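Okay, target27.txt is below, compact mmCIF, C-alpha atoms:
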```txt
# COMPACT_ATOMS: atom_id res chain seq x y z
CA MET T 4 0.00 0.00 0.00
CA LYS T 5 2.86 2.41 0.81
CA LYS T 6 4.48 1.72 -2.57
CA LEU T 7 1.15 2.33 -4.32
CA LYS T 8 0.61 5.68 -2.57
CA GLN T 9 4.15 6.73 -3.39
CA ALA T 10 3.65 5.79 -7.05
CA LEU T 11 0.51 7.93 -7.27
CA ILE T 12 2.36 11.12 -6.37
CA GLU T 13 5.40 10.58 -8.57
CA TYR T 14 6.02 12.15 -11.97
CA PRO T 15 5.10 9.22 -14.27
CA VAL T 16 1.46 9.19 -13.12
CA LEU T 17 -0.07 12.57 -14.01
CA LYS T 18 1.16 14.59 -16.96
CA VAL T 19 0.99 18.35 -17.41
CA ALA T 20 -1.17 19.13 -20.46
CA ASP T 21 0.86 19.91 -23.60
CA PRO T 22 -1.11 22.06 -26.12
CA SER T 23 1.08 20.79 -28.98
CA LEU T 24 -0.01 17.17 -28.48
CA PRO T 25 -3.45 15.74 -29.37
CA PHE T 26 -5.87 14.92 -26.56
CA VAL T 27 -7.73 11.65 -26.02
CA VAL T 28 -10.92 11.46 -23.93
CA THR T 29 -12.21 8.13 -22.59
CA THR T 30 -15.63 7.98 -20.94
CA ASP T 31 -17.82 5.43 -19.22
CA ALA T 32 -21.03 5.40 -17.20
CA SER T 33 -22.62 3.12 -14.63
CA GLN T 34 -25.93 3.08 -12.83
CA TYR T 35 -24.53 5.29 -10.07
CA GLY T 36 -22.09 7.64 -11.77
CA ILE T 37 -19.92 8.67 -14.69
CA GLY T 38 -16.17 8.56 -15.17
CA ALA T 39 -13.69 9.94 -17.68
CA VAL T 40 -9.96 10.35 -18.20
CA LEU T 41 -8.11 12.92 -20.33
CA GLN T 42 -4.86 11.59 -21.82
CA GLN T 43 -1.98 12.52 -24.14
CA ASP T 44 0.67 10.44 -25.91
CA ASP T 45 4.13 11.93 -25.30
CA GLY T 46 5.94 9.13 -27.13
CA ASN T 47 5.90 6.78 -24.15
CA GLY T 48 2.28 5.72 -24.49
CA TYR T 49 -0.88 7.36 -23.22
CA ARG T 50 -0.50 9.13 -19.90
CA PRO T 51 -3.35 10.69 -17.90
CA VAL T 52 -3.63 14.45 -17.65
CA GLU T 53 -6.72 14.50 -15.43
CA PHE T 54 -9.45 12.21 -14.09
CA MET T 55 -13.12 13.08 -13.63
CA SER T 56 -16.04 11.39 -11.89
CA ALA T 57 -19.54 12.48 -10.85
CA ARG T 58 -22.75 10.90 -9.64
CA MET T 59 -25.65 10.12 -11.94
CA PRO T 60 -28.13 13.03 -11.72
CA SER T 61 -31.35 11.01 -11.64
CA GLU T 62 -32.75 7.49 -11.68
CA LYS T 63 -34.39 8.18 -15.04
CA VAL T 64 -31.04 8.80 -16.71
CA ALA T 65 -29.46 5.89 -14.86
CA THR T 66 -31.97 3.36 -16.22
CA SER T 67 -31.24 4.18 -19.88
CA ASN T 68 -27.91 2.86 -21.18
CA TYR T 69 -27.90 5.30 -24.10
CA GLU T 70 -28.77 8.32 -21.99
CA ARG T 71 -26.16 7.68 -19.31
CA GLU T 72 -23.37 7.09 -21.88
CA LEU T 73 -24.41 10.29 -23.67
CA TYR T 74 -24.53 12.18 -20.38
CA ALA T 75 -21.01 10.97 -19.52
CA LEU T 76 -19.69 12.21 -22.86
CA LYS T 77 -21.43 15.59 -22.51
CA GLN T 78 -20.12 16.13 -18.98
CA ALA T 79 -16.56 15.13 -19.90
CA LEU T 80 -16.48 17.52 -22.85
CA GLU T 81 -17.89 20.33 -20.72
CA HIS T 82 -15.42 19.60 -17.91
CA TRP T 83 -12.41 19.85 -20.24
CA LYS T 84 -13.87 22.52 -22.49
CA HIS T 85 -10.82 24.75 -22.02
CA TYR T 86 -8.63 21.99 -23.48
CA LEU T 87 -10.89 20.60 -26.21
CA LEU T 88 -12.99 23.37 -27.74
CA GLY T 89 -11.64 24.51 -31.10
CA ARG T 90 -9.29 21.58 -31.71
CA HIS T 91 -9.54 18.03 -33.06
CA PHE T 92 -9.27 15.13 -30.58
CA LYS T 93 -10.29 11.50 -30.14
CA VAL T 94 -13.04 10.09 -27.94
CA TYR T 95 -13.11 6.46 -26.79
CA SER T 96 -16.63 5.55 -25.75
CA ASP T 97 -19.62 3.41 -26.61
CA HIS T 98 -20.05 4.31 -30.30
CA GLU T 99 -23.58 2.88 -30.32
CA THR T 100 -24.73 5.85 -28.24
CA LEU T 101 -24.16 8.52 -30.91
CA ARG T 102 -25.36 6.14 -33.59
CA TRP T 103 -28.59 5.70 -31.64
CA LEU T 104 -28.89 9.48 -31.20
CA LYS T 105 -28.65 10.08 -34.96
CA THR T 106 -31.43 7.57 -35.67
CA GLN T 107 -33.97 9.33 -33.45
CA ALA T 108 -36.66 10.96 -35.61
CA LYS T 109 -37.88 13.02 -32.69
CA MET T 110 -35.95 13.75 -29.51
CA ILE T 111 -37.06 15.06 -26.17
CA PRO T 112 -35.80 18.59 -25.31
CA LYS T 113 -33.16 17.26 -22.92
CA LEU T 114 -31.47 15.11 -25.59
CA THR T 115 -31.72 17.97 -28.08
CA ARG T 116 -29.78 20.22 -25.72
CA TRP T 117 -27.17 17.53 -25.09
CA ALA T 118 -26.71 16.91 -28.82
CA ALA T 119 -26.30 20.66 -29.46
CA GLU T 120 -23.61 20.91 -26.78
CA ILE T 121 -21.72 17.88 -28.13
CA ASP T 122 -21.87 19.21 -31.71
CA GLN T 123 -19.67 22.15 -30.67
CA TYR T 124 -16.65 19.84 -30.53
CA ASP T 125 -14.53 18.39 -33.33
CA PHE T 126 -13.69 14.82 -32.39
CA GLU T 127 -13.28 11.36 -33.88
CA LEU T 128 -15.27 8.69 -32.05
CA LYS T 129 -13.42 5.42 -31.42
CA PRO T 130 -15.25 2.36 -30.08
CA VAL T 131 -13.84 0.62 -27.01
CA LYS T 132 -15.01 -2.60 -25.37
CA GLY T 133 -15.98 -2.42 -21.73
CA LYS T 134 -13.32 -4.88 -20.55
CA TYR T 135 -10.59 -2.62 -21.99
CA ASN T 136 -12.08 0.60 -20.62
CA VAL T 137 -10.84 -0.10 -17.11
CA VAL T 138 -9.80 3.40 -16.00
CA ALA T 139 -12.99 5.28 -16.85
CA ASP T 140 -15.01 2.30 -15.66
CA ALA T 141 -13.28 2.33 -12.27
CA VAL T 142 -13.94 6.01 -11.53
CA SER T 143 -17.60 5.67 -12.55
CA ARG T 144 -18.38 2.92 -10.05
CA ARG T 145 -19.97 3.40 -6.67
CA ALA T 146 -17.48 1.96 -4.20
CA ASP T 147 -19.78 1.86 -1.17
CA TYR T 148 -22.15 -0.58 -2.92
CA PHE T 149 -20.05 -3.51 -1.81
CA GLY T 150 -19.91 -2.47 1.84
CA ALA T 151 -17.52 -4.16 4.25
CA ILE T 152 -16.77 -7.82 3.72
CA VAL T 153 -16.96 -9.89 6.87
CA HIS T 154 -14.29 -12.55 6.99
CA TYR T 155 -12.57 -14.67 9.57
CA LEU T 156 -8.83 -15.25 9.56
CA ASP T 157 -7.92 -18.70 10.74
CA ILE T 158 -4.31 -19.19 11.86
CA GLY T 159 -4.24 -22.45 9.95
CA LYS T 160 -1.42 -24.45 8.48
CA ASP T 161 -0.94 -22.19 5.45
CA LEU T 162 -0.55 -19.02 7.49
CA GLN T 163 1.59 -20.80 10.08
CA GLN T 164 3.93 -21.89 7.30
CA LYS T 165 4.12 -18.32 5.97
CA VAL T 166 5.03 -17.08 9.45
CA ARG T 167 7.79 -19.70 9.77
CA GLU T 168 9.22 -18.76 6.37
CA ALA T 169 9.05 -15.04 7.17
CA TYR T 170 11.06 -15.52 10.37
CA ALA T 171 14.14 -16.18 8.22
CA GLN T 172 13.78 -12.70 6.65
CA ASP T 173 13.37 -10.95 10.00
CA PRO T 174 16.78 -10.39 11.67
CA ILE T 175 15.29 -9.72 15.11
CA TYR T 176 12.90 -12.65 15.36
CA SER T 177 15.22 -15.08 13.55
CA ASP T 178 17.95 -14.54 16.16
CA LEU T 179 15.45 -14.64 19.02
CA LEU T 180 13.86 -17.84 17.70
CA LYS T 181 17.27 -19.50 17.45
CA LYS T 182 18.16 -18.52 21.03
CA VAL T 183 14.86 -19.80 22.46
CA GLU T 184 15.16 -23.11 20.61
CA GLU T 185 18.79 -23.70 21.60
CA ALA T 186 18.82 -22.24 25.11
CA PRO T 187 15.31 -21.43 26.38
CA GLU T 188 16.61 -20.43 29.82
CA THR T 189 18.31 -17.36 28.28
CA GLU T 190 14.95 -15.97 27.09
CA PRO T 191 12.41 -16.82 29.82
CA ASP T 192 9.78 -14.45 28.35
CA TYR T 193 9.49 -16.47 25.13
CA ARG T 194 8.69 -20.00 24.05
CA THR T 195 8.51 -21.91 20.77
CA THR T 196 5.93 -24.35 19.46
CA GLU T 197 6.32 -26.11 16.10
CA GLY T 198 8.69 -23.44 14.86
CA LEU T 199 6.48 -20.52 15.99
CA LEU T 200 7.70 -17.94 18.48
CA PHE T 201 5.39 -16.84 21.32
CA GLU T 202 5.78 -14.07 23.87
CA LYS T 203 4.66 -15.11 27.36
CA THR T 204 2.21 -12.90 29.27
CA ASN T 205 0.13 -13.29 32.42
CA VAL T 206 -3.05 -13.70 30.37
CA VAL T 207 -2.24 -15.46 27.10
CA ASP T 208 0.89 -16.16 25.07
CA ARG T 209 1.04 -13.94 21.99
CA LEU T 210 2.33 -15.07 18.60
CA CYS T 211 5.28 -12.98 17.38
CA ILE T 212 4.57 -11.83 13.82
CA PRO T 213 7.68 -11.28 11.65
CA ASN T 214 8.32 -8.24 9.48
CA SER T 215 6.06 -9.28 6.59
CA GLU T 216 3.63 -6.69 5.20
CA GLU T 217 1.33 -9.42 3.83
CA ILE T 218 1.01 -11.29 7.13
CA ARG T 219 0.67 -8.17 9.26
CA SER T 220 -2.02 -6.77 6.94
CA LEU T 221 -4.01 -10.00 7.33
CA ILE T 222 -3.74 -9.80 11.12
CA LEU T 223 -4.72 -6.12 11.17
CA GLY T 224 -7.68 -6.85 8.90
CA GLU T 225 -8.88 -9.56 11.26
CA CYS T 226 -8.66 -7.28 14.28
CA HIS T 227 -10.15 -4.17 12.62
CA ASP T 228 -12.45 -5.14 9.73
CA THR T 229 -14.26 -8.03 11.40
CA GLU T 230 -14.58 -6.32 14.79
CA GLY T 231 -16.71 -3.38 13.65
CA HIS T 232 -14.16 -0.94 12.18
CA PHE T 233 -13.49 0.77 15.50
CA GLY T 234 -10.59 3.14 16.18
CA TRP T 235 -6.95 2.22 16.52
CA GLN T 236 -7.12 1.82 20.30
CA LYS T 237 -9.73 -0.96 20.11
CA THR T 238 -8.01 -2.48 17.09
CA LEU T 239 -4.75 -2.57 19.05
CA ALA T 240 -6.49 -4.07 22.08
CA ASN T 241 -8.05 -6.81 19.92
CA LEU T 242 -4.71 -7.54 18.27
CA MET T 243 -2.72 -7.70 21.51
CA HIS T 244 -4.92 -10.53 22.77
CA ALA T 245 -3.12 -12.94 20.44
CA TYR T 246 -0.33 -11.22 18.45
CA THR T 247 2.59 -8.88 18.88
CA TRP T 248 5.45 -7.35 16.90
CA SER T 249 7.76 -4.35 17.03
CA GLY T 250 5.94 -1.13 16.08
CA VAL T 251 2.48 -2.69 16.34
CA LYS T 252 0.91 0.53 17.67
CA ASN T 253 2.07 2.66 14.73
CA ASP T 254 0.95 -0.03 12.28
CA CYS T 255 -2.53 -0.05 13.88
CA ILE T 256 -2.78 3.73 13.63
CA GLU T 257 -1.74 3.73 9.98
CA TYR T 258 -4.03 0.82 9.05
CA VAL T 259 -7.11 2.42 10.64
CA ARG T 260 -6.27 5.84 9.19
CA SER T 261 -6.06 4.39 5.66
CA CYS T 262 -9.10 2.06 5.92
CA LYS T 263 -11.32 2.86 2.92
CA VAL T 264 -14.51 1.60 4.57
CA CYS T 265 -13.91 3.89 7.58
CA GLN T 266 -13.18 6.86 5.31
CA ARG T 267 -16.44 6.36 3.41
CA ASN T 268 -18.71 5.75 6.36
CA LYS T 269 -17.43 7.24 9.60
CA ILE T 270 -18.65 10.58 10.87
CA THR T 271 -16.15 13.39 11.40
CA THR T 272 -16.35 14.59 15.00
CA ARG T 273 -15.23 17.93 16.38
CA ALA T 274 -15.12 19.35 19.87
CA PRO T 275 -18.40 21.10 20.69
CA LEU T 276 -18.46 24.87 21.11
CA GLY T 277 -19.00 26.37 24.54
CA LEU T 278 -19.31 24.73 27.93
CA LEU T 279 -21.92 22.10 28.72
CA ARG T 280 -23.50 21.41 32.08
CA PRO T 281 -22.94 17.68 32.64
CA LEU T 282 -25.65 15.40 33.94
CA PRO T 283 -25.11 13.94 37.43
CA ILE T 284 -23.16 10.68 37.44
CA PRO T 285 -25.30 7.72 38.62
CA ASP T 286 -24.29 6.04 41.90
CA GLN T 287 -24.63 2.47 40.62
CA PRO T 288 -25.69 0.41 37.57
CA GLY T 289 -29.36 0.69 36.72
CA ASP T 290 -29.94 4.00 38.48
CA SER T 291 -30.18 6.01 35.26
CA VAL T 292 -30.75 5.19 31.59
CA SER T 293 -30.91 7.27 28.44
CA ILE T 294 -33.31 6.50 25.58
CA ASP T 295 -33.48 7.65 21.99
CA PHE T 296 -34.88 6.56 18.62
CA MET T 297 -32.73 6.05 15.54
CA ASP T 298 -33.95 5.74 11.96
CA ALA T 299 -32.32 2.75 10.24
CA GLY T 300 -32.84 4.34 6.81
CA VAL T 301 -34.45 1.28 5.22
CA LYS T 302 -37.48 -0.85 6.08
CA SER T 303 -36.92 -4.57 6.66
CA ARG T 304 -39.21 -7.23 5.27
CA HIS T 305 -40.74 -7.43 8.76
CA GLY T 306 -41.65 -3.74 8.69
CA LYS T 307 -38.92 -2.58 11.09
CA SER T 308 -37.19 0.69 10.20
CA GLN T 309 -36.52 2.29 13.59
CA VAL T 310 -34.35 1.33 16.56
CA MET T 311 -34.98 2.22 20.19
CA VAL T 312 -31.59 2.64 21.87
CA ILE T 313 -31.44 2.22 25.66
CA VAL T 314 -28.12 2.88 27.43
CA ASN T 315 -27.19 2.32 31.07
CA ARG T 316 -25.51 5.63 31.91
CA PHE T 317 -23.27 4.04 34.56
CA THR T 318 -21.92 0.95 32.73
CA LYS T 319 -22.57 2.10 29.11
CA TYR T 320 -24.37 -1.21 28.51
CA ALA T 321 -26.73 -0.75 25.54
CA VAL T 322 -29.86 -2.49 24.26
CA PHE T 323 -31.13 -2.06 20.70
CA VAL T 324 -34.84 -2.72 20.11
CA PRO T 325 -36.18 -2.80 16.51
CA LEU T 326 -39.48 -0.99 15.98
CA PRO T 327 -41.79 -0.12 13.09
CA SER T 328 -41.45 3.44 11.78
CA GLU T 329 -44.79 4.55 13.22
CA ALA T 330 -44.41 2.90 16.63
CA ARG T 331 -46.95 4.38 19.02
CA THR T 332 -46.40 5.17 22.69
CA GLU T 333 -48.17 2.00 23.83
CA LEU T 334 -45.75 -0.18 21.85
CA VAL T 335 -42.74 1.77 23.14
CA ILE T 336 -43.94 1.25 26.72
CA ARG T 337 -44.35 -2.51 26.18
CA LYS T 338 -40.91 -2.83 24.56
CA PHE T 339 -39.25 -0.76 27.31
CA PHE T 340 -40.81 -2.96 29.99
CA TYR T 341 -39.95 -6.23 28.21
CA HIS T 342 -36.38 -5.38 27.18
CA TRP T 343 -35.30 -3.29 30.17
CA VAL T 344 -37.54 -3.16 33.24
CA SER T 345 -38.12 -6.93 33.36
CA GLU T 346 -34.37 -7.55 33.00
CA HIS T 347 -32.72 -4.72 34.96
CA GLY T 348 -35.42 -3.15 37.10
CA VAL T 349 -36.97 0.32 37.17
CA PRO T 350 -34.44 3.15 36.74
CA LEU T 351 -34.45 6.13 39.10
CA SER T 352 -34.10 8.58 36.20
CA ILE T 353 -34.54 8.50 32.41
CA VAL T 354 -32.75 10.87 30.03
CA SER T 355 -34.46 11.45 26.68
CA ASP T 356 -35.21 14.06 24.06
CA ARG T 357 -38.63 15.65 23.53
CA ASP T 358 -40.00 13.04 21.18
CA THR T 359 -43.82 13.06 21.25
CA ARG T 360 -43.79 9.54 22.67
CA PHE T 361 -41.78 10.72 25.68
CA THR T 362 -43.90 13.83 26.21
CA SER T 363 -47.18 11.91 25.87
CA GLN T 364 -49.54 11.54 28.81
CA ASN T 365 -49.24 7.73 28.83
CA TRP T 366 -45.44 7.85 29.20
CA GLN T 367 -45.61 10.59 31.86
CA GLU T 368 -48.16 8.66 33.92
CA LEU T 369 -46.15 5.43 33.66
CA MET T 370 -43.03 7.19 34.96
CA LYS T 371 -45.07 8.50 37.92
CA VAL T 372 -46.11 4.92 38.70
CA TYR T 373 -42.49 3.74 38.37
CA GLY T 374 -41.24 6.69 40.41
CA SER T 375 -38.70 7.52 37.71
CA LYS T 376 -37.56 11.10 37.21
CA LEU T 377 -37.69 12.34 33.60
CA LEU T 378 -34.72 14.39 32.42
CA MET T 379 -35.51 15.79 28.98
CA SER T 380 -33.13 17.66 26.72
CA SER T 381 -33.90 21.19 25.60
CA SER T 382 -35.06 21.69 22.03
CA ARG T 383 -32.38 21.47 19.31
CA HIS T 384 -29.73 20.32 21.81
CA PRO T 385 -29.24 16.57 21.25
CA GLU T 386 -25.87 16.69 23.04
CA THR T 387 -27.81 16.57 26.33
CA ASN T 388 -28.60 12.93 25.59
CA GLY T 389 -25.03 12.24 24.52
CA GLN T 390 -24.96 8.62 25.73
CA THR T 391 -27.54 7.38 23.24
CA GLU T 392 -26.41 9.81 20.53
CA GLN T 393 -22.97 8.19 20.70
CA MET T 394 -24.52 4.72 20.53
CA ASN T 395 -26.63 5.85 17.58
CA LYS T 396 -23.47 6.91 15.77
CA ILE T 397 -21.76 3.58 16.44
CA LEU T 398 -24.80 1.62 15.25
CA GLN T 399 -25.22 3.76 12.13
CA GLN T 400 -21.57 3.30 11.22
CA ALA T 401 -21.86 -0.46 11.63
CA LEU T 402 -25.01 -0.58 9.49
CA ARG T 403 -23.37 1.48 6.73
CA MET T 404 -20.31 -0.76 6.70
CA TYR T 405 -21.99 -4.15 6.77
CA ILE T 406 -25.26 -3.59 4.88
CA ARG T 407 -25.45 -3.16 1.12
CA PRO T 408 -27.78 -0.51 -0.38
CA ASP T 409 -29.99 -3.24 -1.88
CA GLN T 410 -30.25 -5.18 1.39
CA VAL T 411 -33.64 -5.08 3.12
CA ASP T 412 -33.10 -7.27 6.19
```

Starting from the file, lay out its structure as structure tokens.
Amino acid sequence: MKKLKQALIEYPVLKVADPSLPFVVTTDASQYGIGAVLQQDDGNGYRPVEFMSARMPSEKVATSNYERELYALKQALEHWKHYLLGRHFKVYSDHETLRWLKTQAKMIPKLTRWAAEIDQYDFELKPVKGKYNVVADAVSRRADYFGAIVHYLDIGKDLQQKVREAYAQDPIYSDLLKKVEEAPETEPDYRTTEGLLFEKTNVVDRLCIPNSEEIRSLILGECHDTEGHFGWQKTLANLMHAYTWSGVKNDCIEYVRSCKVCQRNKITTRAPLGLLRPLPIPDQPGDSVSIDFMDAGVKSRHGKSQVMVIVNRFTKYAVFVPLPSEARTELVIRKFFYHWVSEHGVPLSIVSDRDTRFTSQNWQELMKVYGSKLLMSSSRHPETNGQTEQMNKILQQALRMYIRPDQVD
């Protein structure tokens, strides 16, 4: 990954536009977006001058193959108008699109405008098959469609063999392994098993991973990707349960910082402005809970599209209860009793926002019967109920990472 990032910022990748050389435009379109690349041949083959990508403007355009290919061409020409207008150049695209456009006896106003804009340019259209149009195709795709892939890394025989072979390339662990095998009393903090080096701890012996980028990336992926894409601290804690190596903390920080799934889905947080008046800290577990509702964004086949989040403010223990989108107060009361009161008892205080279900007469009367004090946030200040807001964020991030856009349950 480091070599790839370095290659992307070096000279051979992007080329400064040369007005004396002809331009080549390659376009492509998908259901979700468009992509294009502007190139020039400087004698060493085609080199990119600039890349372009944009989302598809509407579902109507996205459902028509001809319209979306035509839209991609129009947008690319408009984007590089300062390079292309008034000069001859080549366009690699789906040639059937313009052929289809010329056969239309009557066009809708939108296509008429697009055709008029394209006719301003002097270009030669070259057909290109989709399997060869890899660059424009890549930048037109919607990356988040695939979501995060859940996998499990088994330290099986294949990986064990890779670790053994990598020890020979690691000067630190190769010497240490030799010492432990020949004279274990000289290194009491380590042991070997079947050619694998382990560091002894009071809890569990940790496998020493040699300096192999492939193996360490697999381990980091197991401890970050499959555990919910949390921050580097939790990733490091998960990893240190079973593995160790020199510089493991910095590797965790770099892996999490460069995780594409986290970059696409995590929310950027900033320190709030001003000073907040904190809520009183509960004396013991169960004394105080916070409640909030979170919209899941999609309705399941069972009609659930909302989640009631209940958090124990002392232990941070959370319960997530699925609800229909139009859940009435009576249903919320039943779910709260079944999922919380029957399990953990009646709380002394409940923190919530001013949702109509919490301000309703039924909820107020029930809390009087329970003897629970209601602590409601002021309007437009969700930070008051920060416990559940934080849990909402964690749950939303997990849903975005592990659920595809076309998934309904």

| From the set T:Ser303, T:Thr195, T:Gln172, T:Thr29, which residue has the shortest atom-to-atom contact distance to Ser215 of chain T, counting all atoms listed in the file? | T:Gln172

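Residues in contact range of segment 105-118 of chain T, defined as at most 10 Å between only C-alpha atoms, with sequence neighbours fewer than 5 positions away removed, read Glu70, Leu73, Tyr74, Leu76, Lys77, Gln78, Glu99, Thr100 and Gln123 of chain T.
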
| task | Using only C-alpha atoms, pick whichever of T:Asn365, T:Thr30, T:Thr318, T:Ser355 has the shortest atom-to-atom distance to Ile336 of chain T. | result |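 Closest residue, counting only C-alpha atoms: T:Asn365.
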
| request: Within 9 Å of Tyr124 of chain T, counting only C-alpha atoms, which residues show up once you throw out same-chain ones fewer than 5 positions away? Write them as a ChimeraX atom specification, please. | output: /T:80,84,87-92

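Atom CA of Leu351 of chain T lies 20.9 Å from atom CA of Glu333 of chain T.
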
| task | Just the residues within 9 Å of His244 of chain T, please, counting all atoms listed in the file, with nothing from its chain fewer than 5 positions along; format it as an NGL selection string. | result | :T and (206-209 or 239)

Would you mind exporting the chosen residues as a PDB file, in the frame of the given file, restricted to C-alpha atoms?
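Output saved as result.pdb:
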```pdb
ATOM      1  CA  VAL T 206      -3.050 -13.700  30.370  1.00  0.00           C
ATOM      2  CA  VAL T 207      -2.240 -15.460  27.100  1.00  0.00           C
ATOM      3  CA  ASP T 208       0.890 -16.160  25.070  1.00  0.00           C
ATOM      4  CA  ARG T 209       1.040 -13.940  21.990  1.00  0.00           C
ATOM      5  CA  LEU T 239      -4.750  -2.570  19.050  1.00  0.00           C
TER       6      LEU T 239
END
```

| task | Between T:Tyr95, T:Tyr341, T:Tyr258, T:Tyr373, single out the one closest to Glu72 of chain T, counting all atoms listed in the file. | result | T:Tyr95

| field | Nearby residues (all atoms listed in the file) at most 8 Å from Thr247 of chain T, same-chain spacing under 2 positions excluded, as a PyMOL selection string | value | chain T and resi 202+209-212+242-243+245+249+251

Write the residues you've just listed into a file as a PDB file, in the coordinates of the input, and include C-alpha atoms for each of them.
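The result, stored in result-v2.pdb:
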```
ATOM      1  CA  GLU T 202       5.780 -14.070  23.870  1.00  0.00           C
ATOM      2  CA  ARG T 209       1.040 -13.940  21.990  1.00  0.00           C
ATOM      3  CA  LEU T 210       2.330 -15.070  18.600  1.00  0.00           C
ATOM      4  CA  CYS T 211       5.280 -12.980  17.380  1.00  0.00           C
ATOM      5  CA  ILE T 212       4.570 -11.830  13.820  1.00  0.00           C
ATOM      6  CA  LEU T 242      -4.710  -7.540  18.270  1.00  0.00           C
ATOM      7  CA  MET T 243      -2.720  -7.700  21.510  1.00  0.00           C
ATOM      8  CA  ALA T 245      -3.120 -12.940  20.440  1.00  0.00           C
ATOM      9  CA  SER T 249       7.760  -4.350  17.030  1.00  0.00           C
ATOM     10  CA  VAL T 251       2.480  -2.690  16.340  1.00  0.00           C
TER      11      VAL T 251
END
```

| field | Point-to-point distance from atom CA of Pro25 of chain T to atom CA of Lys93 of chain T, Å rounded to tenths | value |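 Separating atom CA of Pro25 of chain T from atom CA of Lys93 of chain T is a distance of 8.1 Å.
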
| Which neighbours of segment 285-294 of chain T fall inside 6 Å, counting all atoms listed in the file, when residues of the same chain fewer than 5 positions from it are skipped, and could you give them as an NGL selection string? | :T and (312-317 or 350-355)

| field | Residue among T:Glu185, T:Asp356, T:Asp125, T:Glu216 lying closest to Ala169 of chain T, counting only C-alpha atoms | value | T:Glu216
